[in-house]
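File shown: upload04.csv (CSV, C-alpha atoms and all ligand atoms).
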chain,number,residue,atom,x,y,z
A,27,MET,CA,3.8,-17.2,-10.8
A,28,SER,CA,0.3,-17.9,-9.6
A,29,PHE,CA,-0.9,-16.5,-6.3
A,30,ALA,CA,-3.8,-16.5,-4.0
A,31,ILE,CA,-5.2,-13.7,-1.7
A,32,ARG,CA,-5.4,-14.7,1.9
A,33,PRO,CA,-5.8,-12.9,5.3
A,34,VAL,CA,-2.6,-12.0,7.0
A,35,SER,CA,-1.7,-14.5,9.7
A,36,ASP,CA,1.1,-14.7,12.3
A,37,ARG,CA,3.1,-17.1,10.2
A,38,HIS,CA,3.5,-14.4,7.5
A,39,VAL,CA,4.8,-11.7,9.8
A,40,SER,CA,8.6,-12.2,9.4
A,41,GLN,CA,8.3,-12.5,5.6
A,42,ILE,CA,6.2,-9.3,5.5
A,43,ALA,CA,8.8,-7.3,7.4
A,44,LYS,CA,11.5,-8.4,4.9
A,45,LEU,CA,9.2,-7.6,2.0
A,46,PHE,CA,8.5,-4.1,3.3
A,47,ASN,CA,12.2,-3.4,3.6
A,48,ALA,CA,13.0,-4.8,0.1
A,49,ALA,CA,10.1,-2.9,-1.5
A,50,ILE,CA,11.0,0.4,0.3
A,51,GLN,CA,14.7,0.1,-0.7
A,52,GLU,CA,13.7,-0.5,-4.3
A,53,ALA,CA,11.2,2.3,-4.3
A,54,GLY,CA,13.9,4.5,-2.7
A,55,ALA,CA,16.1,3.8,-5.7
A,56,THR,CA,13.8,5.9,-7.9
A,57,GLY,CA,15.2,9.0,-6.2
A,58,ASP,CA,11.9,10.4,-5.0
A,59,TYR,CA,13.2,10.4,-1.4
A,60,SER,CA,16.5,11.0,0.3
A,61,GLU,CA,18.5,8.3,2.1
A,62,SER,CA,17.3,9.4,5.5
A,63,GLN,CA,13.7,9.5,4.3
A,64,VAL,CA,14.0,5.9,2.9
A,65,ALA,CA,15.6,4.8,6.2
A,66,ALA,CA,12.7,6.4,8.2
A,67,TRP,CA,10.1,4.9,6.0
A,68,SER,CA,11.7,1.5,6.4
A,69,ARG,CA,11.9,1.8,10.2
A,70,HIS,CA,8.2,2.7,10.2
A,71,HIS,CA,7.4,-0.7,8.7
A,72,SER,CA,10.0,-2.7,10.7
A,73,LEU,CA,9.0,-5.9,12.6
A,74,ASP,CA,8.7,-3.9,15.8
A,75,ASN,CA,6.3,-1.4,14.3
A,76,LEU,CA,4.0,-3.7,12.2
A,77,SER,CA,0.4,-2.7,12.3
A,78,PHE,CA,-2.3,-3.9,9.9
A,79,GLY,CA,-5.5,-2.0,10.6
A,80,THR,CA,-9.0,-3.4,10.1
A,81,TYR,CA,-8.3,-5.7,7.1
A,82,ALA,CA,-5.0,-7.1,6.0
A,83,ILE,CA,-4.2,-9.5,3.2
A,84,VAL,CA,-1.3,-11.1,1.5
A,85,ALA,CA,-0.8,-12.3,-2.1
A,86,ALA,CA,0.9,-15.7,-1.6
A,87,SER,CA,2.3,-18.5,-3.7
A,88,GLY,CA,2.1,-21.4,-1.4
A,89,GLU,CA,3.8,-20.2,1.8
A,90,GLU,CA,5.8,-17.5,0.0
A,91,VAL,CA,4.4,-13.9,0.6
A,92,LEU,CA,4.7,-11.9,-2.7
A,93,GLY,CA,2.6,-8.9,-1.6
A,94,VAL,CA,0.8,-7.4,1.3
A,95,ALA,CA,-1.9,-4.7,1.7
A,96,ALA,CA,-4.1,-3.3,4.4
A,97,ALA,CA,-7.1,-1.1,4.8
A,98,ASP,CA,-9.0,0.8,7.5
A,99,LEU,CA,-12.6,1.8,7.3
A,100,ALA,CA,-12.0,5.2,9.0
A,101,ARG,CA,-10.7,8.3,7.3
A,102,PRO,CA,-8.3,9.9,6.7
A,103,TYR,CA,-6.8,7.1,4.6
A,104,HIS,CA,-8.7,3.9,4.0
A,105,ILE,CA,-5.8,2.2,2.2
A,106,ARG,CA,-3.0,1.9,4.7
A,107,PHE,CA,-0.4,0.4,2.4
A,108,VAL,CA,0.2,-1.9,-0.6
A,109,PHE,CA,3.6,-3.5,-1.0
A,110,VAL,CA,4.7,-6.0,-3.6
A,111,ALA,CA,8.1,-7.9,-3.6
A,112,PRO,CA,10.3,-6.1,-6.1
A,113,ASN,CA,10.9,-9.2,-8.2
A,114,GLN,CA,7.1,-9.4,-8.7
A,115,TRP,CA,6.5,-5.8,-9.8
A,116,ARG,CA,4.4,-5.2,-12.9
A,117,LYS,CA,2.7,-8.6,-12.8
A,118,GLY,CA,-0.7,-7.4,-11.6
A,119,LEU,CA,-0.3,-8.2,-7.9
A,120,GLY,CA,-0.7,-4.6,-6.7
A,121,ARG,CA,-3.8,-4.1,-8.8
A,122,THR,CA,-5.4,-7.3,-7.4
A,123,LEU,CA,-4.5,-6.3,-3.8
A,124,VAL,CA,-6.0,-2.9,-4.2
A,125,SER,CA,-9.1,-4.4,-5.8
A,126,CYS,CA,-9.6,-6.6,-2.7
A,127,LEU,CA,-9.2,-3.5,-0.4
A,128,GLU,CA,-11.7,-1.6,-2.5
A,129,GLY,CA,-14.2,-4.5,-2.3
A,130,PHE,CA,-13.8,-4.7,1.4
A,131,CYS,CA,-14.4,-1.0,1.9
A,132,ALA,CA,-17.3,-0.8,-0.7
A,133,ASP,CA,-19.1,-3.7,1.0
A,134,ARG,CA,-19.0,-1.7,4.3
A,135,GLY,CA,-20.4,1.5,2.9
A,136,VAL,CA,-17.3,3.4,1.9
A,137,ARG,CA,-18.3,5.4,-1.3
A,138,LYS,CA,-15.0,7.3,-1.8
A,139,ILE,CA,-11.7,5.7,-0.9
A,140,PHE,CA,-8.6,7.6,0.0
A,141,VAL,CA,-4.9,6.8,0.1
A,142,ALA,CA,-1.8,8.8,0.9
A,143,SER,CA,0.4,7.6,-1.9
A,144,ALA,CA,4.2,7.5,-1.8
A,145,LEU,CA,5.5,9.7,-4.6
A,146,ASN,CA,6.8,6.6,-6.5
A,147,ALA,CA,3.4,4.9,-6.3
A,148,VAL,CA,1.4,7.8,-7.9
A,149,PRO,CA,1.4,6.3,-11.4
A,150,PHE,CA,0.3,3.0,-10.0
A,151,TYR,CA,-2.8,4.5,-8.2
A,152,ALA,CA,-3.5,6.7,-11.2
A,153,ALA,CA,-3.6,3.6,-13.5
A,154,LEU,CA,-6.2,2.1,-11.0
A,155,GLY,CA,-8.4,5.2,-11.4
A,156,TYR,CA,-7.3,7.3,-8.4
A,157,ALA,CA,-7.0,11.1,-8.8
A,158,ALA,CA,-4.7,13.3,-6.8
A,159,CYS,CA,-6.5,15.6,-4.5
A,160,GLY,CA,-3.8,17.2,-2.3
A,161,SER,CA,-0.4,16.7,-0.8
A,162,VAL,CA,0.5,15.4,2.6
A,163,THR,CA,3.5,15.6,4.8
A,164,VAL,CA,4.0,12.5,7.0
A,165,CYS,CA,6.3,13.0,10.0
A,166,LEU,CA,8.3,9.9,11.1
A,167,PRO,CA,10.8,9.6,14.0
A,168,SER,CA,14.4,10.0,13.1
A,169,GLU,CA,16.8,7.2,14.1
A,170,ALA,CA,18.3,9.2,17.0
A,171,GLY,CA,17.1,12.2,18.9
A,172,PRO,CA,13.8,14.0,19.0
A,173,GLU,CA,13.7,15.3,15.4
A,174,TYR,CA,11.3,14.1,12.9
A,175,ILE,CA,11.9,13.2,9.2
A,176,GLN,CA,9.3,14.6,6.9
A,177,ILE,CA,8.1,12.6,3.9
A,178,GLN,CA,6.0,14.0,1.1
A,179,ALA,CA,3.0,11.9,-0.1
A,180,ILE,CA,0.1,12.6,-2.4
A,181,GLU,CA,-3.5,12.3,-1.3
A,182,MET,CA,-5.5,10.4,-3.9
A,183,SER,CA,-9.1,9.2,-4.0
A,184,LYS,CA,-11.5,7.2,-6.1
A,185,ARG,CA,-15.3,6.7,-6.1
A,186,LEU,CA,-16.4,3.2,-5.4
A,187,GLU,CA,-19.4,1.3,-6.6
A,188,SER,CA,-21.0,-1.0,-4.0
A,189,GLU,CA,-21.7,-4.6,-5.0
A,190,LEU,CA,-24.4,-4.8,-2.4
A,191,PRO,CA,-28.0,-4.8,-3.6
A,192,ARG,CA,-29.7,-1.4,-3.1
A,193,THR,CA,-32.9,-1.2,-1.1
A,194,ARG,CA,-35.8,1.0,-2.2
A,195,SER,CA,-37.0,3.7,0.2
B,201,LIG,C1,3.4,0.4,-6.1
B,201,LIG,C2,3.4,-1.1,-6.1
B,201,LIG,C3,2.6,-1.6,-5.0
B,201,LIG,C4,2.8,-1.6,-7.5
B,201,LIG,O1,2.7,-3.0,-7.5
B,201,LIG,P1,2.7,-3.8,-8.8
B,201,LIG,O2,2.3,-5.2,-8.5
B,201,LIG,O3,4.0,-3.7,-9.5
B,201,LIG,O4,1.5,-3.1,-9.7
B,201,LIG,P2,0.7,-3.8,-10.9
B,201,LIG,O5,1.6,-4.7,-11.6
B,201,LIG,O6,-0.6,-4.3,-10.4
B,201,LIG,O7,0.5,-2.5,-11.8
B,201,LIG,C5,-0.8,-2.0,-12.2
B,201,LIG,C6,-0.6,-0.9,-13.1
B,201,LIG,O8,-0.1,0.3,-12.4
B,201,LIG,C7,0.8,1.0,-13.2
B,201,LIG,N1,2.2,1.0,-12.6
B,201,LIG,C8,2.6,0.1,-11.7
B,201,LIG,N2,3.9,0.5,-11.3
B,201,LIG,C9,4.2,1.5,-12.1
B,201,LIG,C10,5.4,2.3,-12.2
B,201,LIG,N3,6.5,2.1,-11.5
B,201,LIG,N4,5.4,3.3,-13.1
B,201,LIG,C11,4.3,3.6,-13.9
B,201,LIG,N5,3.2,2.8,-13.8
B,201,LIG,C12,3.1,1.8,-12.9
B,201,LIG,C13,0.8,0.3,-14.6
B,201,LIG,O9,-0.2,0.9,-15.4
B,201,LIG,C14,0.4,-1.1,-14.2
B,201,LIG,O10,-0.2,-1.8,-15.3
B,201,LIG,P3,0.8,-2.4,-16.5
B,201,LIG,O11,1.9,-3.1,-15.8
B,201,LIG,O12,-0.2,-3.4,-17.2
B,201,LIG,O13,1.2,-1.3,-17.3
B,201,LIG,C15,4.9,-1.6,-6.0
B,201,LIG,O14,5.6,-1.0,-7.0
B,201,LIG,C16,5.5,-1.4,-4.7
B,201,LIG,O15,5.4,-2.3,-3.8
B,201,LIG,N6,6.2,-0.3,-4.5
B,201,LIG,C17,6.9,0.1,-3.3
B,201,LIG,C18,5.9,0.3,-2.1
B,201,LIG,C19,5.0,1.5,-2.3
B,201,LIG,O16,5.4,2.5,-2.7
B,201,LIG,N7,3.7,1.2,-2.0
B,201,LIG,C20,2.7,2.2,-2.0
B,201,LIG,C21,2.7,2.8,-0.7
B,201,LIG,S1,1.0,3.5,-0.4
As structure tokens, please, write out the structure in this file.
Amino acid sequence: MSFAIRPVSDRHVSQIAKLFNAAIQEAGATGDYSESQVAAWSRHHSLDNLSFGTYAIVAASGEEVLGVAAADLARPYHIRFVFVAPNQWRKGLGRTLVSCLEGFCADRGVRKIFVASALNAVPFYAALGYAACGSVTVCLPSEAGPEYIQIQAIEMSKRLESELPRTRS
């Protein structure tokens, strides 16, 4: 299926919330996370909690959202997330979305890009040239009560080349 990369707009929001949930349930099926961790991860990306950072894009076929990704310029993690609809996995959408995030960051002076990768996504980022540089524990609210659910992730990074012409000093 052909797709185009576009900025996120309000009309995409409800599809994005559904896509998050579908991709997280499918990722959860790999067994990297427990049921309660998958539920907390999904709540974190529910319609009520959507937050996109500095730069957010979708991969869309017509009006159908097939993937979504977002980046922030500030550390700790420039790549906030990359999600692709499960029925579109392994077709290059994730790679294209990350390449756009990298271009956005490189053009704004980021020389080394960081992501906190979900355990299931480590082979994906590794295939794109990212190397593991540490582990991270993300604390997300539990469904009820004051406790937090801990989710393990892997900090990964990659050096970026800027496309901007360099000036001589
Ligand atoms: C991770 C994710 C975004 C990858 O998206 P995708 O569109 O399937 O990725 P691509 O097709 O661009 O894959 C690029 C390369 O990454 C590697 N890769 C991707 N998924 C992989 C997997 N499950 N296992 C091993 N390698 C994988 C492959 O080398 C692949 O190239 P190939 O298909 O030519 O072999 C998608 O699986 C997803 O949405 N997962 C759930 C959400 C998630 O965990 N997001 C990351 C949170 S930071």
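One distance worth recording is that between atom CA of Ala157 of chain A and atom CA of Val84 of chain A, which is 25.1 Å.
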Of the residues A:Ser62, A:Gln178, A:Thr122, A:Ser183, which is the one nearest to Val141 of chain A, using only C-alpha atoms?
-> A:Ser183
For ligand LIG 201 (chain B), list the contacting residues at 6 Å or closer, counting all atoms listed in the file, as a count of residues only.
-> 21
Could you state the separation of atom CA of Cys131 of chain A and atom CA of Ala100 of chain A in Å, given to one decimal place?
->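 Spanning atom CA of Cys131 of chain A to atom CA of Ala100 of chain A is a straight-line distance of 9.7 Å.
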Between A:Glu90, A:Asp74, A:Asp133, A:Glu128, which one has atoms that come closest to Gln114 of chain A, using only C-alpha atoms?
->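 Checking each of A:Glu90, A:Asp74, A:Asp133, A:Glu128 against Gln114 of chain A, counting only C-alpha atoms, the winner is A:Glu90.
Minimum atom-to-atom distances from A:Ala66, A:Ala97, A:Gly155, A:Ala142 to Glu173 of chain A were compared using all atoms listed in the file, and the lowest value belongs to A:Ala66.
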Please indicate the distance in Å from atom CA of Leu166 of chain A to atom CA of Ile105 of chain A, rounded to one decimal place.
->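 Computing the Euclidean distance for atom CA of Leu166 of chain A and atom CA of Ile105 of chain A yields 18.4 Å.
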Pick from A:Pro33, A:Ser168, A:Ala179, A:Glu187 nearest to Leu123 of chain A, counting only C-alpha atoms =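 That would be A:Pro33, the residue with the smallest distance to Leu123 of chain A.
Those residues positioned at most 12 Å from (12.0, -2.9, 13.5) are Val39, Ser40, Ile42, Ala43, Lys44, Phe46, Asn47, Ala65, Ala66, Trp67, Ser68, Arg69, His70, His71, Ser72, Leu73, Asp74, Asn75, Leu76, Ser77 and Glu169 of chain A, judged using all atoms listed in the file.
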Output C-alpha atoms for every residue in the selection just made, as a tab-separated table (two decimals), in the frame of the given file.
chain	number	residue	atom	x	y	z
A	39	VAL	CA	4.80	-11.70	9.80
A	40	SER	CA	8.60	-12.20	9.40
A	42	ILE	CA	6.20	-9.30	5.50
A	43	ALA	CA	8.80	-7.30	7.40
A	44	LYS	CA	11.50	-8.40	4.90
A	46	PHE	CA	8.50	-4.10	3.30
A	47	ASN	CA	12.20	-3.40	3.60
A	65	ALA	CA	15.60	4.80	6.20
A	66	ALA	CA	12.70	6.40	8.20
A	67	TRP	CA	10.10	4.90	6.00
A	68	SER	CA	11.70	1.50	6.40
A	69	ARG	CA	11.90	1.80	10.20
A	70	HIS	CA	8.20	2.70	10.20
A	71	HIS	CA	7.40	-0.70	8.70
A	72	SER	CA	10.00	-2.70	10.70
A	73	LEU	CA	9.00	-5.90	12.60
A	74	ASP	CA	8.70	-3.90	15.80
A	75	ASN	CA	6.30	-1.40	14.30
A	76	LEU	CA	4.00	-3.70	12.20
A	77	SER	CA	0.40	-2.70	12.30
A	169	GLU	CA	16.80	7.20	14.10
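Using all atoms listed in the file, every residue with an atom at most 6 Å from the point (4.9, 11.1, 5.3) is listed here: A:Thr163, A:Val164, A:Cys165, A:Gln176, A:Ile177, A:Gln178, A:Ala179.
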Write out the residues from the selection above, keeping C-alpha atoms, as a compact mmCIF listing (two decimals), in the coordinates of the input.
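Contents of the output file again_8.txt:
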# COMPACT_ATOMS: atom_id res chain seq x y z
CA THR A 163 3.50 15.60 4.80
CA VAL A 164 4.00 12.50 7.00
CA CYS A 165 6.30 13.00 10.00
CA GLN A 176 9.30 14.60 6.90
CA ILE A 177 8.10 12.60 3.90
CA GLN A 178 6.00 14.00 1.10
CA ALA A 179 3.00 11.90 -0.10
Which of A:Ala111, A:Ile139, A:Tyr103, A:Gln63 sits closest to Pro167 of chain A [using all atoms listed in the file] |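 Among A:Ala111, A:Ile139, A:Tyr103, A:Gln63, it is A:Gln63 that comes nearest to Pro167 of chain A.
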Distance criterion (only C-alpha atoms): nearest to Arg101 of chain A out of A:Tyr174, A:Phe130, A:Phe140, A:Phe78 |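 The shortest atom-to-atom distance to Arg101 of chain A comes from A:Phe140.
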Find the residues near Ile180 of chain A: any atom within 8 Å, counting only C-alpha atoms, skip ones fewer than 5 places away on the same chain, and give them as a PyMOL selection string.
-> chain A and resi 142-145+148+158-162
